[in-house]
Every structure is written in C-alpha cells, then in structure tokens.
2 protein chains.
Amino acid sequence: MRATIIHGPGDIRVEDRDYPAVHLPTDAVVKVTAACVCGSDLWPYRGVKPIRRPSAIGHEFIGVIESVGADVGALREGDFVIAPFVVSCGACPQCRNGVTVACDRLAGWGGKDDAGHRIDGGQGQAVRVPLAESTLVKVPGVGEPDEALRKNLLTLSDVMATGHHAALSARVAPGRTIVVVGDGAVGLCGVLAAKRLGAGRIIAMSRHADRQAVAREFGATDIVDERGDEGVAKVRELLGGVLADSVLECVGTKESMEQALHSVRPGGALGFVGVPTGGAEIPLRYLFDKNITVSGGMAPARTYIPELLADVLAGRINPGRVFDVEMSLEEAPEAYKAMDERRAIKVLLRP
Amino acid sequence: MRATIIHGPGDIRVEDRDYPAVHLPTDAVVKVTAACVCGSDLWPYRGVKPIRRPSAIGHEFIGVIESVGADVGALREGDFVIAPFVVSCGACPQCRNGVTVACDRLAGWGGKDDAGHRIDGGQGQAVRVPLAESTLVKVPGVGEPDEALRKNLLTLSDVMATGHHAALSARVAPGRTIVVVGDGAVGLCGVLAAKRLGAGRIIAMSRHADRQAVAREFGATDIVDERGDEGVAKVRELLGGVLADSVLECVGTKESMEQALHSVRPGGALGFVGVPTGGAEIPLRYLFDKNITVSGGMAPARTYIPELLADVLAGRINPGRVFDVEMSLEEAPEAYKAMDERRAIKVLLRP
C-alpha cells in the first residue's frame with residue numbers, strides 16, 4: 001500500500017509499505033477513505049520536533065473496517081469508523097474518567113502498540129488499529145458518506161474534538177463572552193464549539209481574510225486583527241471595558257499564550273490546547289492575583305466523539321468547512337507545503 | 001483605642017491610636033468584638049514580606065456597628081457584622097462577577113481607601129470601614145453571639161471562605177476524591193468545605209496530632225503524614241492506584257505546590273489559595289500532559305459569606321473549631337509568637 005513517511009525536516013515522501021493485517025485479537029484493519037494534515041504534523045516537518053528515523057505520519061483518519069480480530073465484537077467488516085488521534089483501552093482508570101489521552105495503554109499512529117508492534121500512520125491507504133473496539137467510533141447508518149459528511153466526520157478525529165476541549169476547558173457556557181486565540185483549524189473549531197455551547201459574544205483573533213470568513217460562519221461575532229497590548233485593548237473595548245469570561249488558546253507559542261492570558265478577566269478561565277512550545281509558561285502569581293482558571297491539554301477525542309457525531313449527523317454543526325483544499329494521497333508533500341506556507345487552512349488527503 | 005501595630009520582623013506592639021470616626025458618607029465604624037491572627041500575617045512577621053513603616057495589622061474581625069455615614073442605608077447602629085478580609089464596592093464589573101477581591105476600588109485593612117484615608121487594622125478595638133454597605137455582611141437576628149457562634153462567624157472573615165474557595169477551585173463535587181495539602185486553619189477549613197460540598201474520600205496531609213484531630217472532626221477520612229514522593233505514593237495507595245480528583249493547596253510554598261500538583265490524577269483539578277511564595281510555579285507542559293486544571297487565588301469572601309453564614313446559623317458547619325487558643329488583644333505579641341512557633345493553630349483575640 002501507499003503511505004506517507006517523514007524522513008526529516010521538509011522531507012515528506014509517499015512510499016510503498018506492507019498492507020496491514022490483524023496481529024492481535026483486539027486489532028482491526030481500516031481502509032482509509034480520508035485523512036488529513038494536522039498543524040501538529042508541522043512541528044517535525046519544520047524541524048522543531050526531532051525525527052530520529054523515517055516514520056509513518058498522520059493521526060487523523062476515517063474509513064471502513066476491512067477485517068477484525070477474534071475479540072472485536074462490536075465492529076465488523078464494512079462498518080464506517082472515525083479514528084481518534086490516539087489509541088486507548090477504555091478500561092483503565094484514566095479512560096473510565098474520560099481522559100483517554102492519558103490511557104495506561106496509550107499508543108499513537110505511526111508508533112508502536114504496548115505489545116511492541118508497529119502501528120501504521122493515518123496518512124496512508126490502510127491502518128492496523130490496536131484496541132480497535134475501545135479506540136474506534138462507529139458511525140451508525142453510514143455506508144460511504146458524501147463529500148460534505150466525510151469532511152465533517154474527519155474533523156472529529158482531532159480538530160473539532162480539540163476545539164471542543166478548548167471550549168470546555170475555558171468553561172464556555174450560555175451567555176459568556178469568548179476570545180479565541182489562533183485561527184488555524186483548531187481555533188476555528190473552537191469558535192464553532194463555543195457557539196454550540198451557547199456562548200454570547202465570540203471574538204476571533206485573526207489576520208487572514210479566508211480564516212476570518214470561516215470564523216464568522218462558525219459563529220464569531222467579532223474579528224480582532226490587532227496583537228499584543230493593542231489586541232487586549234481592542235477586546236476590552238468590544239466587551240464594554242471588561243476582558244473575556246473565557247479564552248481559548250489554540251496555538252501553543254509564548255506569544256499566543258500571553259495574548260490569551262492577558263485577555264481573560266479576573267475570575268475568568270483560559271482553556272489551552274496548543275501544545276506548549278517556545279517557552280510558553282503561565283506565572284502562578286498572575287493566576288493568583290486575577291483568580292484565573294487554567295485548564296487544557298490533549299483533547300480526549302474518543303470521549304467527545306459520540307456527542308459531536310450526533311450533532312454532525314443531525315446537521316447542527318458543519319466543522320468540515322475547515323478543509324479548504326483536497327489532494328490525493330500522492331500529493332502529501334505538497335499538502336505539507338501548502339499548510340506550512342499557510343496557503344491552506346487544512347488539507348484533506350484522498351488515499 | 002488600643003490597636004496592634006507591626007514595627008518590623010518579630011516586632012508586634014499593642015499601642016494607642018485615635019478612635020475611628022466616619023469620614024465619608026459610605027463609611028461605618030465597627031466596634032470589634034473578636035479578631036484573629038492569620039497565617040498570612042506571619043509573612044511580614046517573619047520578614048518574608050518587607051515592612052516599610054509601622055502599620056496597623058489584622059484583616060479578620062467581627063463586631064457591632066457603632067455609627068454609619070449618611071449613605072449607608074442597609075446597616076445601622078447595633079447591627080452585628082462580619083468583615084471580609086478586603087474592602088469592595090459591589091458595583092464594578094469584578095464585584096458583579098463575584099470576584100470582589102479584584103474590585104476596582106479594592107482596599108485592605110491597615111492600608112488606605114481610594115480617597116487616601118487611612119483604614120484601621122482588624123486587630124484593634126474599632127475600625128473605620130469604607131464602602132461599608134458593600135463590604136460588611138450583617139448577621140441577622142444576632143445581638144451578641146455566644147462563644148461558639150462568635151468563633152464560627154469569625155472564620156467567615158477569611159479562613160472558612162478561603163477553604164471554600166480552594167474546594168470550589170479544585171472542583172470538589174459529590175463523590176470526588178480529595179487531597180488537602182496544608183493543615184493550618186485554611187487547610188482544615190478546606191477539609192470542612194470539601195465535606196460540605198459532598199466529597200467522598202478526603203485525605204488530609206498533616207503531621208501534627210492536634211491538627212489531625214480537627215481534620216477528622218471536619219470530615220477527613222484519612223490522614224497522610226508522609227511527604228514528597230512517599231506522600232504521593234501513599235495517596236495513590238489509599239485511592240486504589242489512582243491519584244485524587246481534586247487537590248486543595250493551602251500553603252503556597254514551592255514544596256507544597258509540588259506536593260499538591262503531583263497528587264492530582266490526569267484530568268483532575270488543583271485549587272490553590274496559598275499565596276505563592278518561594279518560587280512556587282506550575283510547569284505548563286505538566287498541566288498539558290496530564291490535562292490538569294489549576295484554579296485559585298484570593299477568596300472572594302464577600303461573595304461566599306451569605307451561603308456559608310446560613311450553614312453556620314443552621315448549625316450545619318462549625319469552622320470555629322480551628323481556634324484553639326484565645327487571648328486578650330494586649331497579648332497580640334504572644335499570639336503571633338504562638339502561631340509562628342506552631343503552638344497554636346489559630347489564635348482568637350478579644351479586644
């Protein structure tokens with residue numbers, strides 16, 4: 001089969017790999033019908049995160065079950081499934097607490113399972129899925145989704161679940177005022193998640209016309225393109241002299257974290273889902289003096305998918321709008337380039 | 001009148017001061033019937049917080065209204081009142097959001113009001129209270145409380161409100177498992193607050209028999225006297241292999257913050273109310289990797305007093321149990337010494 005392999009910074013290749021098979025009785029093999037490139041895939045691509053050896057890459061995909069191991073009772077050949085961005089067991093204390101991203105048997109696509117077997121990356125034609133029953137979410141009543149539904153379902157793998165996590169972490173609730181820092185796919189999904197949870201005013205911080213347009217579609221009531229102190233002043237002005245009740249940080253840099261923190265009102269909450277990089281920190285004394293709540297981390301997508309899926313299937317949310325470019329799997333190198341150069345918000349890959 | 005003045009580290013004196021009077025139409029004068037020494041009063045006493053000039057000290061008191069300014073409609077001579085540990089206006093956005101400790105007109109006992117007038121400290125015979133109507137809470141139906149009630153009411157000024165803030169910040173809820181780091185009056189009130197909010201297992205970390213006894217009375221189901229990694233291991237053992245859902249940090253040092261942070265399970269919450277000192281910080285990446293929520297700061301006592309007062313008056317909580325020593329106001333120097341040397345949990349002063 002064909003699969004995307006990262007060899008080094010800027011070096012993405014689509015290569016031949018063995019077609020996956022069921023190794024363990026809890027495995028399934030999924031034929032991938034759509035995958036995509038994540039903002040976090042750009043960290044190794046840009047050399048920010050080191051690459052030790054050529055590795056299969058990609059952690060967002062949807063597809064059809066081709067075969068299952070003997071212990072996989074709830075899934076069968078032909079089922080349409082969403083893969084969350086990590087593998088989880090569903091049985092350990094962390095999974096039972098809903099924090100599937102801290103699973104005792106956590107494994108990542110392109111890595112190894114806890115038995116030491118290689119796992120395929122998501123940007124390929126097929127994937128062996130360990131712990132398939134607890135990891136995958138079956139989409140009921142769907143044979144082959146149409147193009148719009150396919151995009152919506154694919155966002156549940158990561159970005160929409162992550163935007164939802166940012167919103168929950170920031171304590172978004174009906175009537176609260178919101179600022180979203182970051183206009184990538186996650187930030188845009190954060191806007192949509194905030195709207196879905198009943199937020200009142202939603203301010204998206206964005207400087208790109210195409211992203212501003214999606215933010216507005218998703219429910220942003222205001223766009224702020226100023227940054228730093230000017231950005232904070234603009235937020236305060238828009239909200240009648242007060243800062244925001246809830247701020248969603250969806251980037252992870254030092255600058256974005258400061259922008260986010262300084263946009264929270266005393267007693268408000270900051271939800272952060274951008275992987276902290278470049279020295280992003282939060283001074284404890286600032287939190288203490290302002291009574292600010294900080295919450296976030298990797299989204300437990302597996303926990304959130306069922307409720308988000310219900311809204312997608314009912315047509316209540318259309319997060320798939322974040323995909324502005326589609327390419328074939330063979331064009332994966334170009335997909336990375338387009339995302340890296342910000343020519344695309346998010347690229348969908350067709351294997 | 002007699003009032004407690006701090007002159008320098010270890011130098012507490014009770015001196016004569018002018019009896020306070022109403023200066024502004026929003027003022028009231030309160031005759032103090034009970035005051036006390038706070039753990040945070042020990043910071044300047046120990047020289048950790050610098051003292052520039054002799055200053056009136058004390059920020060927890062209850063008493064009787066002696067006179068009111070023309071604009072104080074809801075309070076009158078003879079009313080029995082609780083003073084929260086800061087002055088707040090009740091009208092600014094922060095007060096309306098319930099975050100009275102971030103009030104636009106915030107002032108502290110022993111400091112100055114926003115008109116530049118000196119405010120008396122709480123450890124004295126009488127206090128001029130600025131913004132009296134929004135700051136003080138009237139205790140309905142109480143003339144002169146009996147000894148037990150007096151102690152209970154005095155805790156609402158700070159320590160019980162602060163313990164409650166720690167519990168709310170740590171997302172205590174029915175059935176959740178709790179660890180409380182710190183066995184001072186605030187930590188003990190944190191135990192009581194967690195119990196009041198319906199917590200299941202409550203583990204108090206304490207090495208002092210007298211404090212352990214109060215913790216048990218307040219609802220602690222377990223006592224852990226180990227510290228560091230051993231303390232964390234003990235918590236994990238008591239909770240069946242998992243860390244705590246909610247951890248209350250009630251000290252503020254680097255060590256206590258680490259103890260608290262490392263006691264939180266993935267997806268759990270840390271509520272902190274100890275003023276951060278000695279380099280206490282929280283690494284953002286740790287929060288991200290564990291999906292831990294951090295929340296806290298100064299307690300908005302003014303916001304919490306009404307609901308806590310209802311429970312005190314109904315006999316449902318007895319936080320006054322934290323006072324293990326009573327002294328006359330003249331003995332204030334000895335009260336500080338007893339608290340500093342940990343011979344007393346909390347000293348009540350009778351003016």
# chains A, B, ... in the order shown; residues from 1 in each chain; ligands from 1
>>> residues_around(residues="segment 301-304 of chain A", least_positions_apart="2", cutoff="7 Å", atoms="only C-alpha atoms", output="JSON, numbers by chain")
{"A": [84, 98, 100, 135, 157, 158, 161, 299, 306, 307, 308]}
>>> calpha_fit_and_write(fixed="chain B", moving="chain A", output="compact mmCIF listing (two decimals) with C-alpha atoms, in the first residue's frame")
# COMPACT_ATOMS: atom_id res chain seq x y z
CA MET A 1 -8.26 52.96 71.44
CA ARG A 2 -5.82 50.05 71.52
CA ALA A 3 -4.62 48.55 68.22
CA THR A 4 -1.99 46.07 67.05
CA ILE A 5 0.92 47.62 65.15
CA ILE A 6 3.71 45.78 63.35
CA HIS A 7 7.03 47.66 63.55
CA GLY A 8 9.30 45.11 61.90
CA PRO A 9 10.03 41.41 61.74
CA GLY A 10 9.11 39.83 65.08
CA ASP A 11 8.13 43.25 66.46
CA ILE A 12 4.40 43.39 67.25
CA ARG A 13 3.14 46.03 69.70
CA VAL A 14 -0.28 47.01 71.02
CA GLU A 15 -0.48 50.80 71.06
CA ASP A 16 -2.85 53.73 71.48
CA ARG A 17 -4.47 55.10 68.35
CA ASP A 18 -7.22 57.66 67.71
CA TYR A 19 -10.65 56.17 67.94
CA PRO A 20 -12.03 55.96 64.38
CA ALA A 21 -14.87 58.13 63.10
CA VAL A 22 -17.00 58.27 59.97
CA HIS A 23 -15.13 60.35 57.35
CA LEU A 24 -17.13 59.59 54.22
CA PRO A 25 -20.89 59.10 53.82
CA THR A 26 -20.28 55.45 52.81
CA ASP A 27 -18.27 54.68 55.99
CA ALA A 28 -19.26 52.82 59.11
CA VAL A 29 -17.42 52.44 62.40
CA VAL A 30 -17.38 48.93 63.83
CA LYS A 31 -16.55 48.11 67.43
CA VAL A 32 -14.56 44.91 67.15
CA THR A 33 -15.76 42.07 69.41
CA ALA A 34 -13.36 39.43 68.06
CA ALA A 35 -10.35 39.43 65.75
CA CYS A 36 -7.61 36.95 64.97
CA VAL A 37 -4.13 36.32 63.59
CA CYS A 38 -3.88 34.93 60.04
CA GLY A 39 -1.19 32.66 58.62
CA SER A 40 -0.54 35.42 56.08
CA ASP A 41 0.14 37.91 58.95
CA LEU A 42 3.19 35.75 59.63
CA TRP A 43 4.82 36.70 56.30
CA PRO A 44 5.69 40.26 57.42
CA TYR A 45 6.24 38.98 60.99
CA ARG A 46 8.89 36.60 59.66
CA GLY A 47 10.43 39.26 57.45
CA VAL A 48 9.42 37.46 54.24
CA LYS A 49 7.31 40.46 53.25
CA PRO A 50 9.04 43.81 53.91
CA ILE A 51 7.60 46.37 56.36
CA ARG A 52 8.35 49.97 55.34
CA ARG A 53 6.83 51.74 58.33
CA PRO A 54 4.89 50.81 61.49
CA SER A 55 1.48 49.63 60.27
CA ALA A 56 -1.84 48.62 61.78
CA ILE A 57 -2.33 44.91 61.13
CA GLY A 58 -5.11 42.32 61.08
CA HIS A 59 -7.75 41.65 58.43
CA GLU A 60 -10.25 39.34 60.10
CA PHE A 61 -12.82 40.72 62.51
CA ILE A 62 -16.43 40.73 63.56
CA GLY A 63 -18.25 43.29 65.63
CA VAL A 64 -21.07 45.74 66.17
CA ILE A 65 -21.86 48.84 64.12
CA GLU A 66 -21.35 51.96 66.24
CA SER A 67 -22.08 54.64 63.64
CA VAL A 68 -22.77 54.93 59.92
CA GLY A 69 -22.39 57.59 57.24
CA ALA A 70 -25.38 59.22 55.56
CA ASP A 71 -25.28 56.90 52.52
CA VAL A 72 -25.22 53.64 54.46
CA GLY A 73 -28.86 52.62 54.25
CA ALA A 74 -28.81 48.91 54.92
CA LEU A 75 -26.79 48.96 58.15
CA ARG A 76 -27.48 50.69 61.43
CA GLU A 77 -26.11 51.10 64.94
CA GLY A 78 -26.20 47.84 66.85
CA ASP A 79 -26.08 45.55 63.80
CA PHE A 80 -23.74 42.61 64.19
CA VAL A 81 -21.44 42.29 61.16
CA ILE A 82 -18.72 40.14 59.60
CA ALA A 83 -15.90 41.94 57.80
CA PRO A 84 -14.43 40.08 54.80
CA PHE A 85 -10.66 40.40 54.54
CA VAL A 86 -10.81 43.18 51.94
CA VAL A 87 -12.98 46.21 51.17
CA SER A 88 -15.05 46.02 47.96
CA CYS A 89 -17.56 48.26 46.18
CA GLY A 90 -20.14 45.73 45.00
CA ALA A 91 -20.78 47.70 41.82
CA CYS A 92 -17.77 47.34 39.48
CA PRO A 93 -17.63 44.58 36.84
CA GLN A 94 -15.39 42.45 39.05
CA CYS A 95 -17.72 42.66 42.05
CA ARG A 96 -20.71 41.94 39.80
CA ASN A 97 -18.84 38.87 38.57
CA GLY A 98 -18.39 37.81 42.18
CA VAL A 99 -14.65 38.45 42.17
CA THR A 100 -14.73 41.05 44.94
CA VAL A 101 -11.00 40.60 45.60
CA ALA A 102 -10.31 42.21 42.20
CA CYS A 103 -12.65 45.14 42.92
CA ASP A 104 -11.83 48.38 41.10
CA ARG A 105 -11.91 50.14 44.50
CA LEU A 106 -10.18 47.35 46.44
CA ALA A 107 -8.66 48.37 49.77
CA GLY A 108 -7.13 46.46 52.63
CA TRP A 109 -7.41 46.76 56.41
CA GLY A 110 -4.45 48.68 57.77
CA GLY A 111 -4.00 50.39 54.38
CA LYS A 112 -5.74 53.32 52.71
CA ASP A 113 -9.06 53.66 50.92
CA ASP A 114 -9.27 55.03 47.36
CA ALA A 115 -9.83 58.53 48.76
CA GLY A 116 -6.46 58.26 50.50
CA HIS A 117 -7.82 57.98 54.05
CA ARG A 118 -6.13 55.60 56.47
CA ILE A 119 -8.04 52.42 57.36
CA ASP A 120 -7.59 50.80 60.76
CA GLY A 121 -6.27 47.26 61.10
CA GLY A 122 -8.59 44.48 62.21
CA GLN A 123 -6.61 43.60 65.35
CA GLY A 124 -7.83 46.59 67.35
CA GLN A 125 -10.77 47.86 69.33
CA ALA A 126 -12.54 49.60 66.45
CA VAL A 127 -12.30 50.02 62.68
CA ARG A 128 -13.49 52.62 60.19
CA VAL A 129 -14.97 50.56 57.35
CA PRO A 130 -15.03 52.25 53.93
CA LEU A 131 -17.76 51.23 51.46
CA ALA A 132 -19.46 49.70 54.48
CA GLU A 133 -22.68 48.60 52.84
CA SER A 134 -20.99 46.55 50.10
CA THR A 135 -18.15 45.33 52.33
CA LEU A 136 -19.79 44.18 55.56
CA VAL A 137 -22.25 41.31 55.90
CA LYS A 138 -24.94 41.72 58.55
CA VAL A 139 -25.67 38.66 60.67
CA PRO A 140 -29.44 38.58 61.02
CA GLY A 141 -31.03 38.08 64.44
CA VAL A 142 -27.81 38.14 66.40
CA GLY A 143 -27.28 40.54 69.28
CA GLU A 144 -24.10 39.38 70.96
CA PRO A 145 -23.22 35.84 69.79
CA ASP A 146 -22.20 33.19 72.29
CA GLU A 147 -18.63 31.95 72.33
CA ALA A 148 -19.08 29.09 69.84
CA LEU A 149 -21.04 31.20 67.36
CA ARG A 150 -18.54 34.03 67.68
CA LYS A 151 -15.73 31.70 66.62
CA ASN A 152 -17.75 30.33 63.72
CA LEU A 153 -18.64 33.81 62.47
CA LEU A 154 -15.07 35.01 62.72
CA THR A 155 -13.84 32.23 60.40
CA LEU A 156 -16.12 33.56 57.64
CA SER A 157 -13.98 36.68 57.54
CA ASP A 158 -11.22 34.70 55.85
CA VAL A 159 -10.23 31.11 56.60
CA MET A 160 -13.55 29.35 56.03
CA ALA A 161 -14.23 31.44 52.93
CA THR A 162 -10.72 30.63 51.73
CA GLY A 163 -11.10 26.90 52.38
CA HIS A 164 -14.37 27.05 50.44
CA HIS A 165 -12.61 28.85 47.59
CA ALA A 166 -9.93 26.14 47.50
CA ALA A 167 -12.63 23.48 47.32
CA LEU A 168 -14.62 25.22 44.57
CA SER A 169 -11.41 25.92 42.63
CA ALA A 170 -10.48 22.23 42.87
CA ARG A 171 -13.95 21.33 41.54
CA VAL A 172 -14.95 19.39 44.62
CA ALA A 173 -18.28 17.69 43.98
CA PRO A 174 -20.25 14.78 45.40
CA GLY A 175 -18.27 11.55 45.37
CA ARG A 176 -14.98 13.01 44.22
CA THR A 177 -11.74 12.05 45.96
CA ILE A 178 -9.87 14.86 47.69
CA VAL A 179 -6.39 15.61 48.97
CA VAL A 180 -5.78 18.67 51.16
CA VAL A 181 -2.19 19.91 51.38
CA GLY A 182 -1.69 22.16 54.41
CA ASP A 183 -3.01 21.66 57.94
CA GLY A 184 -3.24 25.28 59.01
CA ALA A 185 -6.63 26.85 59.65
CA VAL A 186 -7.22 27.27 55.90
CA GLY A 187 -6.34 23.66 55.09
CA LEU A 188 -8.60 22.44 57.88
CA CYS A 189 -11.42 24.66 56.59
CA GLY A 190 -10.69 23.19 53.15
CA VAL A 191 -11.42 19.75 54.57
CA LEU A 192 -14.69 21.06 56.05
CA ALA A 193 -15.60 22.80 52.78
CA ALA A 194 -14.93 19.62 50.79
CA LYS A 195 -17.10 17.62 53.18
CA ARG A 196 -19.83 20.26 52.93
CA LEU A 197 -19.77 20.00 49.13
CA GLY A 198 -20.30 16.25 49.30
CA ALA A 199 -16.80 14.91 48.70
CA GLY A 200 -16.29 11.17 49.18
CA ARG A 201 -12.81 10.29 50.37
CA ILE A 202 -10.95 13.25 51.95
CA ILE A 203 -7.24 12.77 52.63
CA ALA A 204 -5.62 15.39 54.87
CA MET A 205 -1.84 15.68 54.73
CA SER A 206 -0.77 16.50 58.28
CA ARG A 207 1.96 15.66 60.75
CA HIS A 208 0.50 17.32 63.86
CA ALA A 209 -1.75 15.31 66.16
CA ASP A 210 -3.85 18.34 67.19
CA ARG A 211 -4.49 19.32 63.57
CA GLN A 212 -5.15 15.74 62.53
CA ALA A 213 -7.85 15.59 65.19
CA VAL A 214 -9.57 18.70 63.84
CA ALA A 215 -9.24 17.39 60.27
CA ARG A 216 -11.01 14.18 61.31
CA GLU A 217 -13.75 16.18 63.05
CA PHE A 218 -14.17 18.21 59.87
CA GLY A 219 -14.61 15.15 57.68
CA ALA A 220 -11.18 13.82 56.73
CA THR A 221 -11.43 10.08 56.12
CA ASP A 222 -7.67 9.55 56.00
CA ILE A 223 -4.52 11.23 57.28
CA VAL A 224 -1.22 11.05 55.40
CA ASP A 225 1.89 12.22 57.21
CA GLU A 226 4.37 11.22 54.52
CA ARG A 227 5.74 13.95 52.26
CA GLY A 228 7.17 14.16 48.73
CA ASP A 229 7.13 11.03 46.58
CA GLU A 230 6.23 8.92 49.62
CA GLY A 231 3.22 11.11 50.25
CA VAL A 232 2.12 10.78 46.63
CA ALA A 233 2.60 7.00 46.77
CA LYS A 234 0.49 6.84 49.93
CA VAL A 235 -2.32 8.83 48.30
CA ARG A 236 -2.22 6.51 45.30
CA GLU A 237 -2.35 3.48 47.57
CA LEU A 238 -5.29 4.83 49.58
CA LEU A 239 -7.22 5.61 46.40
CA GLY A 240 -6.76 2.19 44.84
CA GLY A 241 -3.96 3.02 42.43
CA VAL A 242 -5.21 6.38 41.19
CA LEU A 243 -4.42 9.91 42.31
CA ALA A 244 -7.02 12.40 43.56
CA ASP A 245 -9.79 14.02 41.55
CA SER A 246 -9.38 17.29 43.46
CA VAL A 247 -6.42 18.66 45.39
CA LEU A 248 -6.56 21.73 47.63
CA GLU A 249 -3.24 23.56 48.03
CA CYS A 250 -3.41 25.67 51.19
CA VAL A 251 0.21 26.68 51.90
CA GLY A 252 1.85 28.43 48.93
CA THR A 253 5.43 27.19 49.09
CA LYS A 254 7.35 25.51 46.27
CA GLU A 255 7.26 22.20 48.15
CA SER A 256 3.55 22.28 48.94
CA MET A 257 2.68 23.23 45.37
CA GLU A 258 4.69 20.29 44.03
CA GLN A 259 3.12 17.98 46.59
CA ALA A 260 -0.30 19.15 45.51
CA LEU A 261 0.34 19.04 41.76
CA HIS A 262 1.76 15.53 41.92
CA SER A 263 -1.27 14.32 43.87
CA VAL A 264 -3.75 15.20 41.08
CA ARG A 265 -4.90 12.47 38.70
CA PRO A 266 -4.91 13.07 34.93
CA GLY A 267 -7.96 15.19 34.19
CA GLY A 268 -8.24 16.29 37.83
CA ALA A 269 -8.12 19.77 39.35
CA LEU A 270 -5.84 21.69 41.67
CA GLY A 271 -7.34 24.53 43.71
CA PHE A 272 -4.71 26.78 45.25
CA VAL A 273 -5.22 29.49 47.85
CA GLY A 274 -1.80 29.70 49.49
CA VAL A 275 -0.16 32.96 48.44
CA PRO A 276 2.61 31.76 46.07
CA THR A 277 5.99 32.27 47.75
CA GLY A 278 9.49 30.80 47.50
CA GLY A 279 9.41 30.15 43.78
CA ALA A 280 6.16 28.17 43.61
CA GLU A 281 5.37 27.64 39.92
CA ILE A 282 3.41 25.27 37.73
CA PRO A 283 5.05 23.91 34.57
CA LEU A 284 2.59 24.36 31.71
CA ARG A 285 3.75 21.22 29.96
CA TYR A 286 2.89 19.13 33.03
CA LEU A 287 -0.64 20.54 33.01
CA PHE A 288 -0.93 19.87 29.28
CA ASP A 289 0.33 16.29 29.49
CA LYS A 290 -1.98 15.44 32.39
CA ASN A 291 -4.95 17.62 31.45
CA ILE A 292 -4.89 19.14 34.93
CA THR A 293 -6.96 22.21 35.76
CA VAL A 294 -5.41 24.85 38.00
CA SER A 295 -7.56 27.47 39.66
CA GLY A 296 -7.41 29.70 42.68
CA GLY A 297 -6.25 32.92 44.23
CA MET A 298 -7.60 35.15 46.95
CA ALA A 299 -11.05 34.05 48.04
CA PRO A 300 -13.91 36.43 47.29
CA ALA A 301 -15.08 36.08 50.90
CA ARG A 302 -17.75 38.76 50.47
CA THR A 303 -19.39 36.63 47.77
CA TYR A 304 -19.29 33.42 49.79
CA ILE A 305 -20.23 34.68 53.27
CA PRO A 306 -24.04 34.62 52.84
CA GLU A 307 -24.23 30.92 51.94
CA LEU A 308 -21.63 29.88 54.52
CA LEU A 309 -23.34 32.02 57.14
CA ALA A 310 -26.63 30.23 56.52
CA ASP A 311 -24.91 26.92 57.25
CA VAL A 312 -23.25 28.31 60.38
CA LEU A 313 -26.51 29.71 61.73
CA ALA A 314 -28.28 26.42 61.00
CA GLY A 315 -25.55 24.54 62.90
CA ARG A 316 -24.51 22.54 59.84
CA ILE A 317 -20.84 23.56 60.01
CA ASN A 318 -18.62 24.51 62.94
CA PRO A 319 -15.49 26.02 61.39
CA GLY A 320 -14.78 27.91 64.64
CA ARG A 321 -13.16 24.71 65.90
CA VAL A 322 -9.91 25.95 64.25
CA PHE A 323 -9.46 28.44 67.12
CA ASP A 324 -7.56 26.50 69.75
CA VAL A 325 -6.28 29.48 71.72
CA GLU A 326 -7.92 32.71 72.92
CA MET A 327 -6.03 35.74 74.18
CA SER A 328 -6.78 39.34 75.04
CA LEU A 329 -5.84 42.00 72.48
CA GLU A 330 -2.99 43.10 74.78
CA GLU A 331 -1.44 39.66 74.29
CA ALA A 332 -1.22 40.06 70.47
CA PRO A 333 2.63 39.80 70.53
CA GLU A 334 2.31 36.42 72.27
CA ALA A 335 -0.43 35.37 69.79
CA TYR A 336 1.96 35.95 66.87
CA LYS A 337 4.68 34.03 68.67
CA ALA A 338 2.38 31.07 69.36
CA MET A 339 1.28 30.91 65.71
CA ASP A 340 4.81 31.37 64.41
CA GLU A 341 6.07 28.52 66.59
CA ARG A 342 3.07 26.38 65.64
CA ARG A 343 1.97 26.10 69.26
CA ALA A 344 -1.44 27.31 68.15
CA ILE A 345 -3.49 26.51 65.03
CA LYS A 346 -5.22 29.89 65.17
CA VAL A 347 -5.46 32.48 67.94
CA LEU A 348 -8.62 34.47 68.62
CA LEU A 349 -8.04 37.93 70.08
CA ARG A 350 -10.58 39.56 72.41
CA PRO A 351 -10.30 43.39 72.23
>>> select_by_dssp(residues="segment 64-222 of chain B", states="helix (DSSP H, G or I)", output="PyMOL selection string")
chain B and resi 93-96+100-102+132-135+147-156+159-169+185-196+209-218
>>> select_by_dssp(residues="segment 233-337 of chain B", states="strand (DSSP E)", output="count of residues only")
23
